[in-house]
Amino acid sequence: MHKLIQGLHHFQSHVFESQRSLFERLDKGQHPEVLFITCSDSRIDPNLITNTNPGDLFVLRNAGNIIPPYGAINGGEAATIEFAVSALKVKDIIVCGHSSCGAIKGLLQPQQLEDLPAVKAWLSHAEATRRIVKENYGGLSEDQKENVAIQENVLVQIENLRTHPAVASRLSAGHLRIHAWTYKFQTGEIFSYSENGQFLPATEVTNETDKSRPRLTNASV
């Protein structure tokens, strides 16, 4: 807490004062153009990796960057998505997974979750990811399975995202784009899913994942 309090003093005396006009504009309302869905992992900072300011991103975070299908649970994910899409009219949704994801490790090794019943229940919304990896990538090493599961999970959650009425409606009207990203801590690289079924450096990918996807053709993160 001592570190946090020091950080508050620094923010108020240096950061806020140097950007006072920005925060005064934010007081009048928010107009983000992007809904950024990612993991709760403390090593991810959406604004840092995208070099954006407060007010630029509407952020949804949870363990494993999971999006339950519409109606599966009456939770905050559906409300957040609906508000971002219908009220804030975001133009893009990014679902971003990451390397060394503890949720994915638990998904692939459920014996680790015996004392974490809530986590185990939550990860049931990624059961399709586990089955895809088990049935299609059996010949990979454990590390490779984890890497490909991180990628497949982003794509599975995007399929769940499309079941939300607000999302489906704006996609149909051409007012919304969806992007699949993975973030590699070790290198700072962001990879984006491309139409050829690969995650490529995001700076090289301009298409969005609005159409039915092919299976992954690589297993790297």
# chains A, B, ... in the order shown; residues from 1 in each chain; ligands from 1
call {"tool": "select_by_dssp", "arguments": {"residues": "chain A", "states": "helix (DSSP H, G or I)", "output": "PyMOL selection string"}}
result
chain A and resi 2-18+20-26+46-50+76-87+102-108+110-113+117-136+142-161+165-172+202-204
call {"tool": "residues_around", "arguments": {"residues": "A:Thr50", "least_positions_apart": "3", "cutoff": "12 Å", "atoms": "only C-alpha atoms", "output": "PyMOL selection string"}}
result
chain A and resi 34+36+44-47+53-54+56-57+94+96+181+183+188-190+202-203
call {"tool": "write_last_selection", "arguments": {"atoms": "N, CA and C atoms", "output": "PDB file, in the first residue's frame"}}
result
ATOM      1  N   VAL A  34     -13.311   1.808 -28.735  1.00  0.00           N
ATOM      2  CA  VAL A  34     -12.878   0.413 -28.671  1.00  0.00           C
ATOM      3  C   VAL A  34     -13.285  -0.213 -27.338  1.00  0.00           C
ATOM      4  N   PHE A  36     -12.113  -3.201 -25.175  1.00  0.00           N
ATOM      5  CA  PHE A  36     -10.924  -4.046 -25.061  1.00  0.00           C
ATOM      6  C   PHE A  36     -11.187  -5.105 -23.997  1.00  0.00           C
ATOM      7  N   ILE A  44      -0.785  -7.268 -17.621  1.00  0.00           N
ATOM      8  CA  ILE A  44      -1.338  -6.621 -18.813  1.00  0.00           C
ATOM      9  C   ILE A  44      -1.875  -5.241 -18.452  1.00  0.00           C
ATOM     10  N   ASP A  45      -1.473  -4.246 -19.225  1.00  0.00           N
ATOM     11  CA  ASP A  45      -2.005  -2.889 -19.090  1.00  0.00           C
ATOM     12  C   ASP A  45      -2.475  -2.456 -20.482  1.00  0.00           C
ATOM     13  N   PRO A  46      -3.780  -2.549 -20.771  1.00  0.00           N
ATOM     14  CA  PRO A  46      -4.265  -2.238 -22.121  1.00  0.00           C
ATOM     15  C   PRO A  46      -3.854  -0.876 -22.634  1.00  0.00           C
ATOM     16  N   ASN A  47      -3.904   0.152 -21.785  1.00  0.00           N
ATOM     17  CA  ASN A  47      -3.519   1.491 -22.236  1.00  0.00           C
ATOM     18  C   ASN A  47      -2.021   1.579 -22.510  1.00  0.00           C
ATOM     19  N   ASN A  53      -4.804   6.870 -24.077  1.00  0.00           N
ATOM     20  CA  ASN A  53      -5.070   7.696 -22.905  1.00  0.00           C
ATOM     21  C   ASN A  53      -6.345   7.266 -22.195  1.00  0.00           C
ATOM     22  N   PRO A  54      -6.559   7.732 -20.957  1.00  0.00           N
ATOM     23  CA  PRO A  54      -7.848   7.518 -20.311  1.00  0.00           C
ATOM     24  C   PRO A  54      -8.967   8.029 -21.209  1.00  0.00           C
ATOM     25  N   ASP A  56      -9.960   6.418 -23.965  1.00  0.00           N
ATOM     26  CA  ASP A  56      -9.850   5.834 -25.304  1.00  0.00           C
ATOM     27  C   ASP A  56     -10.384   4.408 -25.372  1.00  0.00           C
ATOM     28  N   LEU A  57     -10.248   3.660 -24.285  1.00  0.00           N
ATOM     29  CA  LEU A  57     -10.652   2.255 -24.263  1.00  0.00           C
ATOM     30  C   LEU A  57     -11.716   2.012 -23.200  1.00  0.00           C
ATOM     31  N   ILE A  94     -11.816  -5.695 -29.314  1.00  0.00           N
ATOM     32  CA  ILE A  94     -10.596  -6.503 -29.314  1.00  0.00           C
ATOM     33  C   ILE A  94     -10.702  -7.510 -28.177  1.00  0.00           C
ATOM     34  N   CYS A  96      -8.248 -10.011 -26.314  1.00  0.00           N
ATOM     35  CA  CYS A  96      -6.793 -10.166 -26.233  1.00  0.00           C
ATOM     36  C   CYS A  96      -6.403 -11.201 -25.180  1.00  0.00           C
ATOM     37  N   TRP A 181      -6.556 -10.809 -30.669  1.00  0.00           N
ATOM     38  CA  TRP A 181      -5.153 -10.504 -30.389  1.00  0.00           C
ATOM     39  C   TRP A 181      -4.592 -11.457 -29.338  1.00  0.00           C
ATOM     40  N   TYR A 183      -0.998 -11.346 -26.704  1.00  0.00           N
ATOM     41  CA  TYR A 183       0.103 -10.500 -26.234  1.00  0.00           C
ATOM     42  C   TYR A 183       1.172 -11.387 -25.622  1.00  0.00           C
ATOM     43  N   GLY A 188       6.951  -8.203 -25.720  1.00  0.00           N
ATOM     44  CA  GLY A 188       6.111  -7.030 -25.913  1.00  0.00           C
ATOM     45  C   GLY A 188       5.348  -7.052 -27.223  1.00  0.00           C
ATOM     46  N   GLU A 189       5.386  -8.175 -27.930  1.00  0.00           N
ATOM     47  CA  GLU A 189       4.726  -8.270 -29.233  1.00  0.00           C
ATOM     48  C   GLU A 189       3.221  -8.524 -29.097  1.00  0.00           C
ATOM     49  N   ILE A 190       2.464  -7.947 -30.020  1.00  0.00           N
ATOM     50  CA  ILE A 190       1.040  -8.211 -30.150  1.00  0.00           C
ATOM     51  C   ILE A 190       0.819  -8.929 -31.477  1.00  0.00           C
ATOM     52  N   ALA A 202       0.577  -7.732 -35.207  1.00  0.00           N
ATOM     53  CA  ALA A 202      -0.624  -6.908 -35.394  1.00  0.00           C
ATOM     54  C   ALA A 202      -0.394  -5.771 -36.372  1.00  0.00           C
ATOM     55  N   THR A 203       0.835  -5.285 -36.449  1.00  0.00           N
ATOM     56  CA  THR A 203       1.121  -4.183 -37.359  1.00  0.00           C
ATOM     57  C   THR A 203       1.033  -4.607 -38.819  1.00  0.00           C
TER      58      THR A 203
END
call {"tool": "closest_residue", "arguments": {"among": "A:Lys105, A:Arg131, A:Arg170, A:His98", "to": "A:Asp143", "atoms": "only C-alpha atoms"}}
result
A:Lys105
call {"tool": "closest_residue", "arguments": {"among": "A:Ser86, A:Gln186, A:Gln30, A:Asn153", "to": "A:Ala166", "atoms": "only C-alpha atoms"}}
result
A:Ser86
call {"tool": "closest_atom_pairs", "arguments": {"of": "stretch 17-88 of chain A", "to": "stretch 171-180 of chain A", "cutoff": "12 Å", "atoms": "only C-alpha atoms", "output": "tab-separated table"}}
result
residue	atom	partner	partner_atom	distance
A:Glu33	CA	A:Leu176	CA	10.1
A:Val34	CA	A:Arg177	CA	9.6
A:Leu35	CA	A:Ile178	CA	9.5
A:Phe36	CA	A:His179	CA	9.6
A:Ile37	CA	A:Ala180	CA	9.9
A:Thr38	CA	A:Ala180	CA	10.5
A:Asn65	CA	A:Ala180	CA	11.3
A:Ala84	CA	A:Leu176	CA	11.2
A:Val85	CA	A:Leu176	CA	8.4
A:Ser86	CA	A:Leu176	CA	10.8
call {"tool": "closest_residue", "arguments": {"among": "A:Phe199, A:Tyr137, A:Gly102, A:Asn147", "to": "A:Arg43", "atoms": "only C-alpha atoms"}}
result
A:Gly102
call {"tool": "decode", "arguments": {"residues": "stretch 65-102 of chain A", "atoms": "N, CA and C atoms", "output": "PDB file, in the first residue's frame"}}
result
ATOM      1  N   ASN A  65      -9.915 -13.921 -20.078  1.00  0.00           N
ATOM      2  CA  ASN A  65     -10.600 -13.143 -21.128  1.00  0.00           C
ATOM      3  C   ASN A  65     -11.766 -13.924 -21.727  1.00  0.00           C
ATOM      4  N   ILE A  66     -12.652 -14.366 -20.836  1.00  0.00           N
ATOM      5  CA  ILE A  66     -13.768 -15.229 -21.223  1.00  0.00           C
ATOM      6  C   ILE A  66     -15.045 -14.413 -21.426  1.00  0.00           C
ATOM      7  N   ILE A  67     -15.797 -14.787 -22.449  1.00  0.00           N
ATOM      8  CA  ILE A  67     -17.082 -14.159 -22.743  1.00  0.00           C
ATOM      9  C   ILE A  67     -18.144 -15.265 -22.781  1.00  0.00           C
ATOM     10  N   PRO A  68     -18.899 -15.455 -21.731  1.00  0.00           N
ATOM     11  CA  PRO A  68     -19.940 -16.486 -21.759  1.00  0.00           C
ATOM     12  C   PRO A  68     -20.946 -16.206 -22.870  1.00  0.00           C
ATOM     13  N   PRO A  69     -21.468 -17.247 -23.512  1.00  0.00           N
ATOM     14  CA  PRO A  69     -22.513 -17.030 -24.519  1.00  0.00           C
ATOM     15  C   PRO A  69     -23.685 -16.272 -23.911  1.00  0.00           C
ATOM     16  N   TYR A  70     -24.381 -15.517 -24.718  1.00  0.00           N
ATOM     17  CA  TYR A  70     -25.493 -14.712 -24.228  1.00  0.00           C
ATOM     18  C   TYR A  70     -26.529 -15.604 -23.545  1.00  0.00           C
ATOM     19  N   GLY A  71     -26.933 -15.223 -22.336  1.00  0.00           N
ATOM     20  CA  GLY A  71     -27.930 -15.968 -21.585  1.00  0.00           C
ATOM     21  C   GLY A  71     -27.377 -17.079 -20.730  1.00  0.00           C
ATOM     22  N   ALA A  72     -26.071 -17.388 -20.869  1.00  0.00           N
ATOM     23  CA  ALA A  72     -25.489 -18.481 -20.093  1.00  0.00           C
ATOM     24  C   ALA A  72     -25.446 -18.147 -18.607  1.00  0.00           C
ATOM     25  N   ILE A  73     -25.102 -16.917 -18.289  1.00  0.00           N
ATOM     26  CA  ILE A  73     -25.119 -16.440 -16.908  1.00  0.00           C
ATOM     27  C   ILE A  73     -25.589 -14.992 -16.917  1.00  0.00           C
ATOM     28  N   ASN A  74     -26.119 -14.551 -15.802  1.00  0.00           N
ATOM     29  CA  ASN A  74     -26.583 -13.168 -15.679  1.00  0.00           C
ATOM     30  C   ASN A  74     -25.499 -12.366 -14.973  1.00  0.00           C
ATOM     31  N   GLY A  75     -24.395 -12.128 -15.708  1.00  0.00           N
ATOM     32  CA  GLY A  75     -23.245 -11.501 -15.084  1.00  0.00           C
ATOM     33  C   GLY A  75     -22.859 -10.176 -15.703  1.00  0.00           C
ATOM     34  N   GLY A  76     -21.755  -9.650 -15.224  1.00  0.00           N
ATOM     35  CA  GLY A  76     -21.309  -8.343 -15.655  1.00  0.00           C
ATOM     36  C   GLY A  76     -20.791  -8.292 -17.072  1.00  0.00           C
ATOM     37  N   GLU A  77     -20.319  -9.435 -17.592  1.00  0.00           N
ATOM     38  CA  GLU A  77     -19.780  -9.426 -18.949  1.00  0.00           C
ATOM     39  C   GLU A  77     -20.832  -8.995 -19.962  1.00  0.00           C
ATOM     40  N   ALA A  78     -22.013  -9.601 -19.901  1.00  0.00           N
ATOM     41  CA  ALA A  78     -23.073  -9.268 -20.861  1.00  0.00           C
ATOM     42  C   ALA A  78     -23.488  -7.802 -20.739  1.00  0.00           C
ATOM     43  N   ALA A  79     -23.598  -7.305 -19.516  1.00  0.00           N
ATOM     44  CA  ALA A  79     -23.994  -5.912 -19.307  1.00  0.00           C
ATOM     45  C   ALA A  79     -22.939  -4.955 -19.845  1.00  0.00           C
ATOM     46  N   THR A  80     -21.673  -5.281 -19.615  1.00  0.00           N
ATOM     47  CA  THR A  80     -20.587  -4.428 -20.089  1.00  0.00           C
ATOM     48  C   THR A  80     -20.550  -4.388 -21.613  1.00  0.00           C
ATOM     49  N   ILE A  81     -20.691  -5.537 -22.238  1.00  0.00           N
ATOM     50  CA  ILE A  81     -20.687  -5.614 -23.701  1.00  0.00           C
ATOM     51  C   ILE A  81     -21.871  -4.846 -24.276  1.00  0.00           C
ATOM     52  N   GLU A  82     -23.041  -5.059 -23.711  1.00  0.00           N
ATOM     53  CA  GLU A  82     -24.242  -4.388 -24.197  1.00  0.00           C
ATOM     54  C   GLU A  82     -24.098  -2.868 -24.090  1.00  0.00           C
ATOM     55  N   PHE A  83     -23.593  -2.393 -22.956  1.00  0.00           N
ATOM     56  CA  PHE A  83     -23.434  -0.954 -22.769  1.00  0.00           C
ATOM     57  C   PHE A  83     -22.424  -0.375 -23.754  1.00  0.00           C
ATOM     58  N   ALA A  84     -21.314  -1.082 -23.928  1.00  0.00           N
ATOM     59  CA  ALA A  84     -20.280  -0.589 -24.837  1.00  0.00           C
ATOM     60  C   ALA A  84     -20.778  -0.506 -26.273  1.00  0.00           C
ATOM     61  N   VAL A  85     -21.515  -1.540 -26.691  1.00  0.00           N
ATOM     62  CA  VAL A  85     -21.948  -1.624 -28.084  1.00  0.00           C
ATOM     63  C   VAL A  85     -23.183  -0.776 -28.353  1.00  0.00           C
ATOM     64  N   SER A  86     -24.174  -0.846 -27.477  1.00  0.00           N
ATOM     65  CA  SER A  86     -25.450  -0.166 -27.731  1.00  0.00           C
ATOM     66  C   SER A  86     -25.481   1.280 -27.252  1.00  0.00           C
ATOM     67  N   ALA A  87     -24.849   1.552 -26.113  1.00  0.00           N
ATOM     68  CA  ALA A  87     -24.893   2.911 -25.567  1.00  0.00           C
ATOM     69  C   ALA A  87     -23.704   3.750 -26.017  1.00  0.00           C
ATOM     70  N   LEU A  88     -22.505   3.187 -25.911  1.00  0.00           N
ATOM     71  CA  LEU A  88     -21.311   3.944 -26.284  1.00  0.00           C
ATOM     72  C   LEU A  88     -21.002   3.867 -27.773  1.00  0.00           C
ATOM     73  N   LYS A  89     -21.605   2.894 -28.469  1.00  0.00           N
ATOM     74  CA  LYS A  89     -21.431   2.752 -29.922  1.00  0.00           C
ATOM     75  C   LYS A  89     -19.966   2.553 -30.310  1.00  0.00           C
ATOM     76  N   VAL A  90     -19.263   1.690 -29.580  1.00  0.00           N
ATOM     77  CA  VAL A  90     -17.875   1.427 -29.957  1.00  0.00           C
ATOM     78  C   VAL A  90     -17.837   0.858 -31.378  1.00  0.00           C
ATOM     79  N   LYS A  91     -16.771   1.132 -32.069  1.00  0.00           N
ATOM     80  CA  LYS A  91     -16.626   0.688 -33.452  1.00  0.00           C
ATOM     81  C   LYS A  91     -15.837  -0.610 -33.581  1.00  0.00           C
ATOM     82  N   ASP A  92     -15.043  -0.905 -32.565  1.00  0.00           N
ATOM     83  CA  ASP A  92     -14.195  -2.094 -32.604  1.00  0.00           C
ATOM     84  C   ASP A  92     -14.218  -2.801 -31.255  1.00  0.00           C
ATOM     85  N   ILE A  93     -14.134  -4.128 -31.304  1.00  0.00           N
ATOM     86  CA  ILE A  93     -13.961  -4.932 -30.096  1.00  0.00           C
ATOM     87  C   ILE A  93     -12.695  -5.759 -30.286  1.00  0.00           C
ATOM     88  N   ILE A  94     -11.816  -5.695 -29.314  1.00  0.00           N
ATOM     89  CA  ILE A  94     -10.596  -6.503 -29.314  1.00  0.00           C
ATOM     90  C   ILE A  94     -10.702  -7.510 -28.177  1.00  0.00           C
ATOM     91  N   VAL A  95     -10.502  -8.796 -28.495  1.00  0.00           N
ATOM     92  CA  VAL A  95     -10.379  -9.831 -27.475  1.00  0.00           C
ATOM     93  C   VAL A  95      -8.915 -10.231 -27.452  1.00  0.00           C
ATOM     94  N   CYS A  96      -8.248 -10.011 -26.314  1.00  0.00           N
ATOM     95  CA  CYS A  96      -6.793 -10.166 -26.233  1.00  0.00           C
ATOM     96  C   CYS A  96      -6.403 -11.201 -25.180  1.00  0.00           C
ATOM     97  N   GLY A  97      -5.851 -12.306 -25.626  1.00  0.00           N
ATOM     98  CA  GLY A  97      -5.262 -13.289 -24.723  1.00  0.00           C
ATOM     99  C   GLY A  97      -3.790 -12.970 -24.504  1.00  0.00           C
ATOM    100  N   HIS A  98      -3.111 -13.802 -23.722  1.00  0.00           N
ATOM    101  CA  HIS A  98      -1.702 -13.500 -23.441  1.00  0.00           C
ATOM    102  C   HIS A  98      -0.926 -14.762 -23.110  1.00  0.00           C
ATOM    103  N   SER A  99       0.383 -14.678 -23.260  1.00  0.00           N
ATOM    104  CA  SER A  99       1.261 -15.806 -22.950  1.00  0.00           C
ATOM    105  C   SER A  99       1.255 -16.088 -21.452  1.00  0.00           C
ATOM    106  N   SER A 100       1.615 -17.309 -21.104  1.00  0.00           N
ATOM    107  CA  SER A 100       1.721 -17.730 -19.692  1.00  0.00           C
ATOM    108  C   SER A 100       0.438 -17.468 -18.915  1.00  0.00           C
ATOM    109  N   CYS A 101      -0.702 -17.755 -19.534  1.00  0.00           N
ATOM    110  CA  CYS A 101      -1.994 -17.487 -18.908  1.00  0.00           C
ATOM    111  C   CYS A 101      -2.359 -18.570 -17.894  1.00  0.00           C
ATOM    112  N   GLY A 102      -2.536 -18.177 -16.642  1.00  0.00           N
ATOM    113  CA  GLY A 102      -2.883 -19.139 -15.602  1.00  0.00           C
ATOM    114  C   GLY A 102      -4.230 -19.784 -15.822  1.00  0.00           C
TER     115      GLY A 102
END
